[in-house]
$ cat entry_37.pdb   # PDB, C-alpha atoms
ATOM      1  CA  MET A   1      58.049  56.737  15.937  1.00  0.00           C
ATOM      2  CA  LEU A   2      58.989  53.334  17.317  1.00  0.00           C
ATOM      3  CA  ALA A   3      62.637  54.280  17.741  1.00  0.00           C
ATOM      4  CA  ASN A   4      61.668  57.128  20.083  1.00  0.00           C
ATOM      5  CA  ASP A   5      59.264  54.844  21.941  1.00  0.00           C
ATOM      6  CA  TYR A   6      62.081  52.355  22.524  1.00  0.00           C
ATOM      7  CA  PHE A   7      64.427  55.095  23.723  1.00  0.00           C
ATOM      8  CA  ASP A   8      61.868  56.510  26.154  1.00  0.00           C
ATOM      9  CA  ARG A   9      61.014  53.088  27.597  1.00  0.00           C
ATOM     10  CA  LEU A  10      64.683  52.252  28.081  1.00  0.00           C
ATOM     11  CA  ILE A  11      65.252  55.545  29.875  1.00  0.00           C
ATOM     12  CA  ALA A  12      62.303  54.753  32.156  1.00  0.00           C
ATOM     13  CA  ILE A  13      63.872  51.388  33.078  1.00  0.00           C
ATOM     14  CA  MET A  14      67.208  53.062  33.727  1.00  0.00           C
ATOM     15  CA  GLN A  15      65.525  55.591  35.989  1.00  0.00           C
ATOM     16  CA  GLU A  16      63.856  52.756  37.925  1.00  0.00           C
ATOM     17  CA  ILE A  17      67.262  51.149  38.444  1.00  0.00           C
ATOM     18  CA  LYS A  18      68.766  54.427  39.625  1.00  0.00           C
ATOM     19  CA  GLN A  19      65.870  55.075  42.002  1.00  0.00           C
ATOM     20  CA  HIS A  20      65.403  51.615  43.501  1.00  0.00           C
ATOM     21  CA  GLU A  21      68.613  49.573  43.150  1.00  0.00           C
ATOM     22  CA  ILE A  22      71.380  51.869  44.392  1.00  0.00           C
ATOM     23  CA  ALA A  23      71.551  50.307  47.862  1.00  0.00           C
ATOM     24  CA  SER A  24      71.854  46.804  46.408  1.00  0.00           C
ATOM     25  CA  ILE A  25      74.430  47.957  43.856  1.00  0.00           C
ATOM     26  CA  GLN A  26      76.488  49.478  46.660  1.00  0.00           C
ATOM     27  CA  GLN A  27      76.281  46.285  48.721  1.00  0.00           C
ATOM     28  CA  ALA A  28      77.412  44.175  45.758  1.00  0.00           C
ATOM     29  CA  ALA A  29      80.306  46.570  45.195  1.00  0.00           C
ATOM     30  CA  GLU A  30      81.348  46.360  48.847  1.00  0.00           C
ATOM     31  CA  TRP A  31      81.527  42.563  48.684  1.00  0.00           C
ATOM     32  CA  ILE A  32      83.509  42.684  45.449  1.00  0.00           C
ATOM     33  CA  ALA A  33      85.902  45.258  46.901  1.00  0.00           C
ATOM     34  CA  ASP A  34      86.397  42.950  49.887  1.00  0.00           C
ATOM     35  CA  SER A  35      87.256  40.111  47.511  1.00  0.00           C
ATOM     36  CA  ILE A  36      89.655  42.133  45.369  1.00  0.00           C
ATOM     37  CA  ALA A  37      91.381  43.612  48.413  1.00  0.00           C
ATOM     38  CA  ALA A  38      91.970  40.025  49.568  1.00  0.00           C
ATOM     39  CA  ASP A  39      93.465  39.098  46.154  1.00  0.00           C
ATOM     40  CA  GLY A  40      90.226  37.447  45.038  1.00  0.00           C
ATOM     41  CA  LEU A  41      87.989  37.649  42.001  1.00  0.00           C
ATOM     42  CA  VAL A  42      84.451  38.417  40.970  1.00  0.00           C
ATOM     43  CA  HIS A  43      82.941  35.667  38.797  1.00  0.00           C
ATOM     44  CA  LEU A  44      80.092  36.161  36.329  1.00  0.00           C
ATOM     45  CA  PHE A  45      77.768  33.660  34.702  1.00  0.00           C
ATOM     46  CA  GLY A  46      74.814  33.851  32.348  1.00  0.00           C
ATOM     47  CA  CYS A  47      73.209  31.650  29.716  1.00  0.00           C
ATOM     48  CA  GLY A  48      72.081  32.599  26.220  1.00  0.00           C
ATOM     49  CA  HIS A  49      72.093  36.334  25.686  1.00  0.00           C
ATOM     50  CA  SER A  50      72.898  36.878  29.360  1.00  0.00           C
ATOM     51  CA  HIS A  51      76.410  35.581  28.718  1.00  0.00           C
ATOM     52  CA  MET A  52      77.059  38.839  26.827  1.00  0.00           C
ATOM     53  CA  LEU A  53      76.856  40.673  30.123  1.00  0.00           C
ATOM     54  CA  ALA A  54      79.559  38.460  31.608  1.00  0.00           C
ATOM     55  CA  GLU A  55      81.731  39.418  28.630  1.00  0.00           C
ATOM     56  CA  ASP A  56      80.811  43.086  28.902  1.00  0.00           C
ATOM     57  CA  VAL A  57      82.958  43.648  32.005  1.00  0.00           C
ATOM     58  CA  PHE A  58      85.624  41.023  31.270  1.00  0.00           C
ATOM     59  CA  TYR A  59      89.070  41.942  29.849  1.00  0.00           C
ATOM     60  CA  ARG A  60      87.696  45.222  28.593  1.00  0.00           C
ATOM     61  CA  ALA A  61      89.023  48.769  28.380  1.00  0.00           C
ATOM     62  CA  GLY A  62      87.758  50.600  31.432  1.00  0.00           C
ATOM     63  CA  GLY A  63      87.011  47.333  33.220  1.00  0.00           C
ATOM     64  CA  ILE A  64      88.205  46.016  36.571  1.00  0.00           C
ATOM     65  CA  VAL A  65      90.983  43.452  36.062  1.00  0.00           C
ATOM     66  CA  PRO A  66      90.101  40.690  38.611  1.00  0.00           C
ATOM     67  CA  VAL A  67      87.007  39.525  36.708  1.00  0.00           C
ATOM     68  CA  ASN A  68      86.426  35.916  35.695  1.00  0.00           C
ATOM     69  CA  ALA A  69      83.738  35.441  33.051  1.00  0.00           C
ATOM     70  CA  ILE A  70      82.482  31.850  33.056  1.00  0.00           C
ATOM     71  CA  LEU A  71      81.800  31.475  29.340  1.00  0.00           C
ATOM     72  CA  GLU A  72      80.476  27.947  29.016  1.00  0.00           C
ATOM     73  CA  SER A  73      80.199  27.437  25.265  1.00  0.00           C
ATOM     74  CA  SER A  74      77.288  24.991  25.467  1.00  0.00           C
ATOM     75  CA  THR A  75      75.122  27.756  26.937  1.00  0.00           C
ATOM     76  CA  MET A  76      76.080  30.285  24.257  1.00  0.00           C
ATOM     77  CA  LEU A  77      74.386  30.909  20.933  1.00  0.00           C
ATOM     78  CA  HIS A  78      77.300  30.234  18.605  1.00  0.00           C
ATOM     79  CA  GLU A  79      77.113  26.478  19.195  1.00  0.00           C
ATOM     80  CA  GLY A  80      73.375  26.364  18.544  1.00  0.00           C
ATOM     81  CA  ALA A  81      70.763  28.826  19.709  1.00  0.00           C
ATOM     82  CA  VAL A  82      68.045  26.255  20.393  1.00  0.00           C
ATOM     83  CA  LYS A  83      70.551  23.968  22.092  1.00  0.00           C
ATOM     84  CA  SER A  84      71.591  26.758  24.441  1.00  0.00           C
ATOM     85  CA  SER A  85      67.969  27.164  25.525  1.00  0.00           C
ATOM     86  CA  MET A  86      67.741  23.452  26.265  1.00  0.00           C
ATOM     87  CA  VAL A  87      71.029  23.405  28.173  1.00  0.00           C
ATOM     88  CA  GLU A  88      69.817  26.300  30.327  1.00  0.00           C
ATOM     89  CA  ARG A  89      66.982  24.062  31.535  1.00  0.00           C
ATOM     90  CA  MET A  90      69.259  21.138  32.455  1.00  0.00           C
ATOM     91  CA  THR A  91      69.786  20.014  36.022  1.00  0.00           C
ATOM     92  CA  GLY A  92      73.043  18.621  37.377  1.00  0.00           C
ATOM     93  CA  TYR A  93      75.293  20.587  35.025  1.00  0.00           C
ATOM     94  CA  ALA A  94      76.154  23.776  36.915  1.00  0.00           C
ATOM     95  CA  ALA A  95      78.423  22.145  39.486  1.00  0.00           C
ATOM     96  CA  LEU A  96      80.388  20.468  36.684  1.00  0.00           C
ATOM     97  CA  ILE A  97      80.939  23.832  35.024  1.00  0.00           C
ATOM     98  CA  LEU A  98      82.002  25.527  38.236  1.00  0.00           C
ATOM     99  CA  ASP A  99      84.448  22.747  39.083  1.00  0.00           C
ATOM    100  CA  ASN A 100      86.501  23.829  36.050  1.00  0.00           C
ATOM    101  CA  TYR A 101      87.277  27.143  37.736  1.00  0.00           C
ATOM    102  CA  SER A 102      89.293  28.171  40.745  1.00  0.00           C
ATOM    103  CA  VAL A 103      86.903  29.808  43.192  1.00  0.00           C
ATOM    104  CA  LYS A 104      87.382  30.400  46.891  1.00  0.00           C
ATOM    105  CA  PRO A 105      85.268  31.409  49.877  1.00  0.00           C
ATOM    106  CA  GLY A 106      84.701  35.131  50.209  1.00  0.00           C
ATOM    107  CA  GLU A 107      84.709  35.765  46.479  1.00  0.00           C
ATOM    108  CA  VAL A 108      81.599  36.968  44.659  1.00  0.00           C
ATOM    109  CA  MET A 109      79.567  35.266  41.943  1.00  0.00           C
ATOM    110  CA  ILE A 110      77.184  37.348  39.836  1.00  0.00           C
ATOM    111  CA  VAL A 111      74.543  35.210  38.126  1.00  0.00           C
ATOM    112  CA  ILE A 112      72.500  36.914  35.417  1.00  0.00           C
ATOM    113  CA  SER A 113      69.101  35.657  34.300  1.00  0.00           C
ATOM    114  CA  THR A 114      66.185  37.961  33.618  1.00  0.00           C
ATOM    115  CA  SER A 115      63.539  35.299  34.197  1.00  0.00           C
ATOM    116  CA  GLY A 116      65.399  33.491  36.978  1.00  0.00           C
ATOM    117  CA  ILE A 117      63.332  30.340  36.415  1.00  0.00           C
ATOM    118  CA  ASN A 118      65.686  28.019  34.542  1.00  0.00           C
ATOM    119  CA  ALA A 119      67.570  25.230  36.275  1.00  0.00           C
ATOM    120  CA  LEU A 120      71.155  25.971  35.241  1.00  0.00           C
ATOM    121  CA  PRO A 121      71.393  29.532  36.608  1.00  0.00           C
ATOM    122  CA  VAL A 122      69.577  28.436  39.774  1.00  0.00           C
ATOM    123  CA  GLU A 123      72.036  25.595  40.317  1.00  0.00           C
ATOM    124  CA  MET A 124      75.026  27.811  39.509  1.00  0.00           C
ATOM    125  CA  ALA A 125      73.979  30.100  42.355  1.00  0.00           C
ATOM    126  CA  MET A 126      73.504  27.083  44.627  1.00  0.00           C
ATOM    127  CA  ALA A 127      76.902  25.646  43.688  1.00  0.00           C
ATOM    128  CA  ALA A 128      78.666  28.955  44.269  1.00  0.00           C
ATOM    129  CA  ARG A 129      77.080  29.418  47.687  1.00  0.00           C
ATOM    130  CA  ALA A 130      78.047  25.863  48.599  1.00  0.00           C
ATOM    131  CA  LYS A 131      81.670  26.834  47.929  1.00  0.00           C
ATOM    132  CA  GLY A 132      81.426  29.848  50.216  1.00  0.00           C
ATOM    133  CA  LEU A 133      80.950  32.563  47.592  1.00  0.00           C
ATOM    134  CA  LYS A 134      78.516  35.437  48.005  1.00  0.00           C
ATOM    135  CA  VAL A 135      75.958  35.268  45.204  1.00  0.00           C
ATOM    136  CA  VAL A 136      74.580  38.410  43.595  1.00  0.00           C
ATOM    137  CA  VAL A 137      71.706  37.930  41.165  1.00  0.00           C
ATOM    138  CA  ILE A 138      70.599  40.274  38.388  1.00  0.00           C
ATOM    139  CA  SER A 139      67.041  39.344  37.483  1.00  0.00           C
ATOM    140  CA  SER A 140      63.569  40.785  36.969  1.00  0.00           C
ATOM    141  CA  SER A 141      60.882  40.952  39.623  1.00  0.00           C
ATOM    142  CA  ALA A 142      58.323  40.707  36.811  1.00  0.00           C
ATOM    143  CA  TYR A 143      58.871  36.920  36.850  1.00  0.00           C
ATOM    144  CA  LEU A 144      58.432  36.377  40.579  1.00  0.00           C
ATOM    145  CA  THR A 145      55.004  34.823  40.021  1.00  0.00           C
ATOM    146  CA  THR A 146      56.286  32.543  37.244  1.00  0.00           C
ATOM    147  CA  GLU A 147      56.783  28.886  38.126  1.00  0.00           C
ATOM    148  CA  SER A 148      60.389  27.747  38.373  1.00  0.00           C
ATOM    149  CA  ARG A 149      61.692  25.032  36.040  1.00  0.00           C
ATOM    150  CA  HIS A 150      63.992  23.729  38.769  1.00  0.00           C
ATOM    151  CA  PRO A 151      62.784  20.586  40.591  1.00  0.00           C
ATOM    152  CA  SER A 152      63.086  22.371  43.940  1.00  0.00           C
ATOM    153  CA  GLY A 153      60.581  24.972  42.819  1.00  0.00           C
ATOM    154  CA  LYS A 154      63.080  27.694  43.677  1.00  0.00           C
ATOM    155  CA  ARG A 155      63.763  30.640  41.424  1.00  0.00           C
ATOM    156  CA  LEU A 156      67.136  32.325  41.105  1.00  0.00           C
ATOM    157  CA  GLN A 157      66.077  35.078  43.486  1.00  0.00           C
ATOM    158  CA  ASP A 158      65.351  32.441  46.153  1.00  0.00           C
ATOM    159  CA  VAL A 159      68.946  31.169  46.265  1.00  0.00           C
ATOM    160  CA  ALA A 160      70.809  34.495  46.217  1.00  0.00           C
ATOM    161  CA  ASP A 161      72.522  36.492  48.925  1.00  0.00           C
ATOM    162  CA  LEU A 162      71.559  39.704  47.133  1.00  0.00           C
ATOM    163  CA  VAL A 163      69.092  40.417  44.312  1.00  0.00           C
ATOM    164  CA  ILE A 164      69.322  43.380  41.955  1.00  0.00           C
ATOM    165  CA  ASP A 165      66.146  43.963  39.953  1.00  0.00           C
ATOM    166  CA  ASN A 166      66.800  44.966  36.346  1.00  0.00           C
ATOM    167  CA  HIS A 167      63.169  46.207  36.066  1.00  0.00           C
ATOM    168  CA  VAL A 168      62.749  44.476  32.711  1.00  0.00           C
ATOM    169  CA  PRO A 169      59.149  43.571  31.796  1.00  0.00           C
ATOM    170  CA  ARG A 170      57.993  40.029  31.136  1.00  0.00           C
ATOM    171  CA  GLY A 171      59.028  39.029  27.638  1.00  0.00           C
ATOM    172  CA  ASP A 172      61.942  41.513  27.602  1.00  0.00           C
ATOM    173  CA  ALA A 173      60.750  43.385  24.486  1.00  0.00           C
ATOM    174  CA  LEU A 174      59.529  46.959  24.901  1.00  0.00           C
ATOM    175  CA  VAL A 175      57.953  48.258  21.703  1.00  0.00           C
ATOM    176  CA  GLN A 176      54.484  47.270  20.521  1.00  0.00           C
ATOM    177  CA  VAL A 177      54.477  46.617  16.790  1.00  0.00           C
ATOM    178  CA  PRO A 178      51.484  48.440  15.210  1.00  0.00           C
ATOM    179  CA  GLY A 179      48.791  46.066  14.025  1.00  0.00           C
ATOM    180  CA  SER A 180      50.422  43.105  15.766  1.00  0.00           C
ATOM    181  CA  ALA A 181      50.182  41.334  19.114  1.00  0.00           C
ATOM    182  CA  VAL A 182      53.969  41.097  19.440  1.00  0.00           C
ATOM    183  CA  LYS A 183      56.578  43.458  20.814  1.00  0.00           C
ATOM    184  CA  MET A 184      60.189  43.947  19.774  1.00  0.00           C
ATOM    185  CA  ALA A 185      63.443  45.562  20.956  1.00  0.00           C
ATOM    186  CA  SER A 186      64.984  43.903  24.026  1.00  0.00           C
ATOM    187  CA  SER A 187      65.812  45.733  27.231  1.00  0.00           C
ATOM    188  CA  SER A 188      67.690  43.247  29.432  1.00  0.00           C
ATOM    189  CA  THR A 189      71.113  43.715  27.805  1.00  0.00           C
ATOM    190  CA  VAL A 190      71.124  47.493  28.235  1.00  0.00           C
ATOM    191  CA  ALA A 191      69.715  47.265  31.767  1.00  0.00           C
ATOM    192  CA  GLY A 192      72.186  44.561  32.777  1.00  0.00           C
ATOM    193  CA  SER A 193      75.170  46.414  31.357  1.00  0.00           C
ATOM    194  CA  LEU A 194      74.109  49.544  33.207  1.00  0.00           C
ATOM    195  CA  ILE A 195      73.864  47.665  36.511  1.00  0.00           C
ATOM    196  CA  LEU A 196      77.207  45.917  36.084  1.00  0.00           C
ATOM    197  CA  ASN A 197      79.061  49.102  35.219  1.00  0.00           C
ATOM    198  CA  MET A 198      77.421  50.898  38.150  1.00  0.00           C
ATOM    199  CA  ILE A 199      78.668  48.084  40.378  1.00  0.00           C
ATOM    200  CA  MET A 200      82.198  48.118  39.007  1.00  0.00           C
ATOM    201  CA  THR A 201      82.635  51.883  39.191  1.00  0.00           C
ATOM    202  CA  THR A 202      81.469  51.718  42.800  1.00  0.00           C
ATOM    203  CA  VAL A 203      84.015  48.941  43.414  1.00  0.00           C
ATOM    204  CA  ALA A 204      86.742  51.317  42.235  1.00  0.00           C
ATOM    205  CA  GLU A 205      85.464  53.993  44.631  1.00  0.00           C
ATOM    206  CA  ARG A 206      85.457  51.537  47.520  1.00  0.00           C
ATOM    207  CA  LEU A 207      89.020  50.399  46.785  1.00  0.00           C
ATOM    208  CA  ILE A 208      90.315  53.967  46.558  1.00  0.00           C
ATOM    209  CA  ALA A 209      88.673  54.746  49.900  1.00  0.00           C
ATOM    210  CA  ARG A 210      90.697  51.855  51.375  1.00  0.00           C
ATOM    211  CA  GLY A 211      93.938  53.129  49.886  1.00  0.00           C
ATOM    212  CA  VAL A 212      93.977  50.400  47.218  1.00  0.00           C
ATOM    213  CA  GLU A 213      94.599  51.410  43.615  1.00  0.00           C
ATOM    214  CA  PRO A 214      91.876  49.749  41.525  1.00  0.00           C
ATOM    215  CA  PRO A 215      93.379  47.607  38.734  1.00  0.00           C
ATOM    216  CA  ILE A 216      91.699  48.771  35.527  1.00  0.00           C
ATOM    217  CA  TYR A 217      92.367  47.763  31.941  1.00  0.00           C
ATOM    218  CA  VAL A 218      92.971  50.500  29.367  1.00  0.00           C
ATOM    219  CA  SER A 219      92.429  50.302  25.650  1.00  0.00           C
ATOM    220  CA  GLY A 220      95.140  48.309  23.901  1.00  0.00           C
ATOM    221  CA  ASN A 221      94.758  50.777  21.041  1.00  0.00           C
ATOM    222  CA  LEU A 222      96.157  53.657  23.118  1.00  0.00           C
ATOM    223  CA  PRO A 223      99.925  54.264  23.351  1.00  0.00           C
ATOM    224  CA  GLY A 224     101.336  51.959  26.021  1.00  0.00           C
ATOM    225  CA  GLY A 225      97.948  50.387  26.629  1.00  0.00           C
ATOM    226  CA  PHE A 226      98.871  46.883  25.531  1.00  0.00           C
ATOM    227  CA  GLU A 227     101.977  46.871  27.698  1.00  0.00           C
ATOM    228  CA  GLN A 228     100.042  48.120  30.738  1.00  0.00           C
ATOM    229  CA  ASN A 229      97.392  45.448  30.283  1.00  0.00           C
ATOM    230  CA  MET A 230     100.024  42.723  29.871  1.00  0.00           C
ATOM    231  CA  ALA A 231     101.555  43.794  33.186  1.00  0.00           C
ATOM    232  CA  TYR A 232      98.172  43.239  34.830  1.00  0.00           C
ATOM    233  CA  ILE A 233      97.821  39.853  33.134  1.00  0.00           C
ATOM    234  CA  GLU A 234     101.257  38.786  34.356  1.00  0.00           C
TER     235      GLU A 234
END

$ encode --input "entry_37.pdb" --output "structure tokens"
Amino acid sequence: MLANDYFDRLIAIMQEIKQHEIASIQQAAEWIADSIAADGLVHLFGCGHSHMLAEDVFYRAGGIVPVNAILESSTMLHEGAVKSSMVERMTGYAALILDNYSVKPGEVMIVISTSGINALPVEMAMAARAKGLKVVVISSSAYLTTESRHPSGKRLQDVADLVIDNHVPRGDALVQVPGSAVKMASSSTVAGSLILNMIMTTVAERLIARGVEPPIYVSGNLPGGFEQNMAYIE
């Protein structure tokens, strides 16, 4: 059954992440804990479907409070799916986006792109590093032999301080459709969400070890939850 095939392949990717990416996840968490302890933020950016991962840990029950999701609408699907793909390939735009946000040296930027070959994510990482941020990349090593679309020839992994492999196969889809050459059922969203939540839970551990209470949102649908969250926002 295709549903079981998809489940088993996802579990295999998750096991690869657990086996091979723990050290990188811990390093990312240490940098983020450093930033939060210094009253800083962690910033997240992704284009297309990758922007969902920036939202996944932003202003969410069970999520760390000092998270800034850079949700540039021109790169998101609701303003035109095809347009978002074209914008992702544009050069010269990332710095303009980043200039709309308050970022400071020592903070962390997480850039998410499974292929890591498009110009906008590459330049976002470059722009963040130029401002003194540590850049963590979530991408797939399956694309390391794929030519970059950035004029420099650099892929996202080439301009990062730290790379976390999401172990997603080329093309993203996992399940072979019987009688067809195509596959279906994406894997990058689940893999990316897993990595980000592993990072953020480790951030909380690191802060507690330093004697710092980790600021964490609770569900606004629980008694007192909305008031607690508003206190954090203030």

$ closest_atom_pairs --input "entry_37.pdb" --of "region 11-36 of chain A" --to "region 204-211 of chain A" --cutoff "12 Å" --atoms "all atoms listed in the file" --output "JSON lines"
{"residue": "A:Gln26", "atom": "CA", "partner": "A:Arg206", "partner_atom": "CA", "distance": 9.2}
{"residue": "A:Gln27", "atom": "CA", "partner": "A:Arg206", "partner_atom": "CA", "distance": 10.6}
{"residue": "A:Ala28", "atom": "CA", "partner": "A:Arg206", "partner_atom": "CA", "distance": 11.0}
{"residue": "A:Ala29", "atom": "CA", "partner": "A:Arg206", "partner_atom": "CA", "distance": 7.5}
{"residue": "A:Glu30", "atom": "CA", "partner": "A:Arg206", "partner_atom": "CA", "distance": 6.7}
{"residue": "A:Trp31", "atom": "CA", "partner": "A:Arg206", "partner_atom": "CA", "distance": 9.9}
{"residue": "A:Ile32", "atom": "CA", "partner": "A:Arg206", "partner_atom": "CA", "distance": 9.3}
{"residue": "A:Ala33", "atom": "CA", "partner": "A:Leu207", "partner_atom": "CA", "distance": 6.0}
{"residue": "A:Asp34", "atom": "CA", "partner": "A:Leu207", "partner_atom": "CA", "distance": 8.5}
{"residue": "A:Ser35", "atom": "CA", "partner": "A:Leu207", "partner_atom": "CA", "distance": 10.5}
{"residue": "A:Ile36", "atom": "CA", "partner": "A:Leu207", "partner_atom": "CA", "distance": 8.4}

$ resolve_selection --input "entry_37.pdb" --expression "the PyMOL selection byres ((chain A and resi 58) around 12)" --output "PyMOL selection string"
chain A and resi 41-45+51-57+59-71+193+196-197+200+216-217

$ write_last_selection --input "entry_37.pdb" --atoms "C-alpha atoms" --output "short mmCIF file (atom, residue, chain, number, x, y, z; two decimals), keeping the file's coordinate frame"
data_model
loop_
_atom_site.label_atom_id
_atom_site.label_comp_id
_atom_site.auth_asym_id
_atom_site.auth_seq_id
_atom_site.Cartn_x
_atom_site.Cartn_y
_atom_site.Cartn_z
CA LEU A 41 87.99 37.65 42.00
CA VAL A 42 84.45 38.42 40.97
CA HIS A 43 82.94 35.67 38.80
CA LEU A 44 80.09 36.16 36.33
CA PHE A 45 77.77 33.66 34.70
CA HIS A 51 76.41 35.58 28.72
CA MET A 52 77.06 38.84 26.83
CA LEU A 53 76.86 40.67 30.12
CA ALA A 54 79.56 38.46 31.61
CA GLU A 55 81.73 39.42 28.63
CA ASP A 56 80.81 43.09 28.90
CA VAL A 57 82.96 43.65 32.01
CA TYR A 59 89.07 41.94 29.85
CA ARG A 60 87.70 45.22 28.59
CA ALA A 61 89.02 48.77 28.38
CA GLY A 62 87.76 50.60 31.43
CA GLY A 63 87.01 47.33 33.22
CA ILE A 64 88.20 46.02 36.57
CA VAL A 65 90.98 43.45 36.06
CA PRO A 66 90.10 40.69 38.61
CA VAL A 67 87.01 39.52 36.71
CA ASN A 68 86.43 35.92 35.70
CA ALA A 69 83.74 35.44 33.05
CA ILE A 70 82.48 31.85 33.06
CA LEU A 71 81.80 31.48 29.34
CA SER A 193 75.17 46.41 31.36
CA LEU A 196 77.21 45.92 36.08
CA ASN A 197 79.06 49.10 35.22
CA MET A 200 82.20 48.12 39.01
CA ILE A 216 91.70 48.77 35.53
CA TYR A 217 92.37 47.76 31.94
#

$ closest_residue --input "entry_37.pdb" --among "A:Ile164, A:Val212, A:Val182, A:Cys47" --to "Lys18 (chain A)" --atoms "all atoms listed in the file"
A:Ile164

$ resolve_selection --input "entry_37.pdb" --expression "the PyMOL selection byres ((chain A and resi 143-153) around 8)" --output "number ranges by chain"
A: 89, 91, 115-119, 122, 140-142, 154-155, 170

$ write_last_selection --input "entry_37.pdb" --atoms "C-alpha atoms" --output "PDB file, keeping the file's coordinate frame"
ATOM      1  CA  ARG A  89      66.982  24.062  31.535  1.00  0.00           C
ATOM      2  CA  THR A  91      69.786  20.014  36.022  1.00  0.00           C
ATOM      3  CA  SER A 115      63.539  35.299  34.197  1.00  0.00           C
ATOM      4  CA  GLY A 116      65.399  33.491  36.978  1.00  0.00           C
ATOM      5  CA  ILE A 117      63.332  30.340  36.415  1.00  0.00           C
ATOM      6  CA  ASN A 118      65.686  28.019  34.542  1.00  0.00           C
ATOM      7  CA  ALA A 119      67.570  25.230  36.275  1.00  0.00           C
ATOM      8  CA  VAL A 122      69.577  28.436  39.774  1.00  0.00           C
ATOM      9  CA  SER A 140      63.569  40.785  36.969  1.00  0.00           C
ATOM     10  CA  SER A 141      60.882  40.952  39.623  1.00  0.00           C
ATOM     11  CA  ALA A 142      58.323  40.707  36.811  1.00  0.00           C
ATOM     12  CA  LYS A 154      63.080  27.694  43.677  1.00  0.00           C
ATOM     13  CA  ARG A 155      63.763  30.640  41.424  1.00  0.00           C
ATOM     14  CA  ARG A 170      57.993  40.029  31.136  1.00  0.00           C
TER      15      ARG A 170
END

$ atom_distance --input "entry_37.pdb" --atom1 "CA of Leu162 (chain A)" --atom2 "CA of Tyr93 (chain A)"
22.9 Å

$ resolve_selection --input "entry_37.pdb" --expression "the PyMOL selection byres ((chain A and resi 14) around 12)" --output "list of chain:residue names"
A:Phe7, A:Asp8, A:Arg9, A:Leu10, A:Ile11, A:Ala12, A:Ile13, A:Gln15, A:Glu16, A:Ile17, A:Lys18, A:Gln19, A:His20, A:Glu21, A:Ile22, A:Asp165, A:Asn166, A:His167, A:Val168, A:Ser187, A:Ser188, A:Thr189, A:Val190, A:Ala191, A:Gly192, A:Ser193, A:Leu194, A:Ile195, A:Met198

$ atom_distance --input "entry_37.pdb" --atom1 "CA of Thr201 (chain A)" --atom2 "CA of Thr114 (chain A)"
22.3 Å

$ atom_distance --input "entry_37.pdb" --atom1 "CA of His78 (chain A)" --atom2 "CA of Lys183 (chain A)"
24.7 Å

$ residues_near_point --input "entry_37.pdb" --point "(81.6, 24.3, 31.2)" --cutoff "8 Å" --atoms "only C-alpha atoms" --output "list in words"
Ile70, Leu71, Glu72, Ser73, Ser74, Ala94, Leu96, Ile97, Leu98 and Asn100 of chain A

$ residues_near_point --input "entry_37.pdb" --point "(58.3, 46.0, 21.8)" --cutoff "8 Å" --atoms "all atoms listed in the file" --output "list in words"
Tyr6, Ala173, Leu174, Val175, Gln176, Val177, Val182, Lys183, Met184, Ala185 and Ser186 of chain A

$ residues_around --input "entry_37.pdb" --residues "Ser113 (chain A)" --least-positions-apart "3" --cutoff "7 Å" --atoms "all atoms listed in the file" --output "number ranges by chain"
A: 46, 50, 116, 121, 138-139

$ build_atoms --input "entry_37.pdb" --residues "region 35-42 of chain A" --atoms "N, CA, C and O atoms" --output "compact mmCIF listing (two decimals), keeping the file's coordinate frame"
# COMPACT_ATOMS: atom_id res chain seq x y z
N SER A 35 86.60 41.22 48.19
CA SER A 35 87.26 40.11 47.51
C SER A 35 88.54 40.55 46.83
O SER A 35 89.59 39.91 46.96
N ILE A 36 88.48 41.66 46.10
CA ILE A 36 89.66 42.13 45.37
C ILE A 36 90.76 42.55 46.34
O ILE A 36 91.95 42.27 46.11
N ALA A 37 90.39 43.20 47.43
CA ALA A 37 91.38 43.61 48.41
C ALA A 37 92.07 42.42 49.04
O ALA A 37 93.22 42.52 49.50
N ALA A 38 91.39 41.26 49.03
CA ALA A 38 91.97 40.02 49.57
C ALA A 38 92.58 39.16 48.46
O ALA A 38 92.78 37.96 48.64
N ASP A 39 92.86 39.78 47.30
CA ASP A 39 93.46 39.10 46.15
C ASP A 39 92.52 38.06 45.55
O ASP A 39 92.96 37.03 45.04
N GLY A 40 91.22 38.34 45.62
CA GLY A 40 90.23 37.45 45.04
C GLY A 40 89.63 38.01 43.76
O GLY A 40 90.08 39.04 43.24
N LEU A 41 88.62 37.32 43.27
CA LEU A 41 87.99 37.65 42.00
C LEU A 41 86.50 37.89 42.18
O LEU A 41 85.91 37.56 43.20
N VAL A 42 85.89 38.44 41.14
CA VAL A 42 84.45 38.42 40.97
C VAL A 42 84.17 37.57 39.73
O VAL A 42 84.79 37.75 38.68
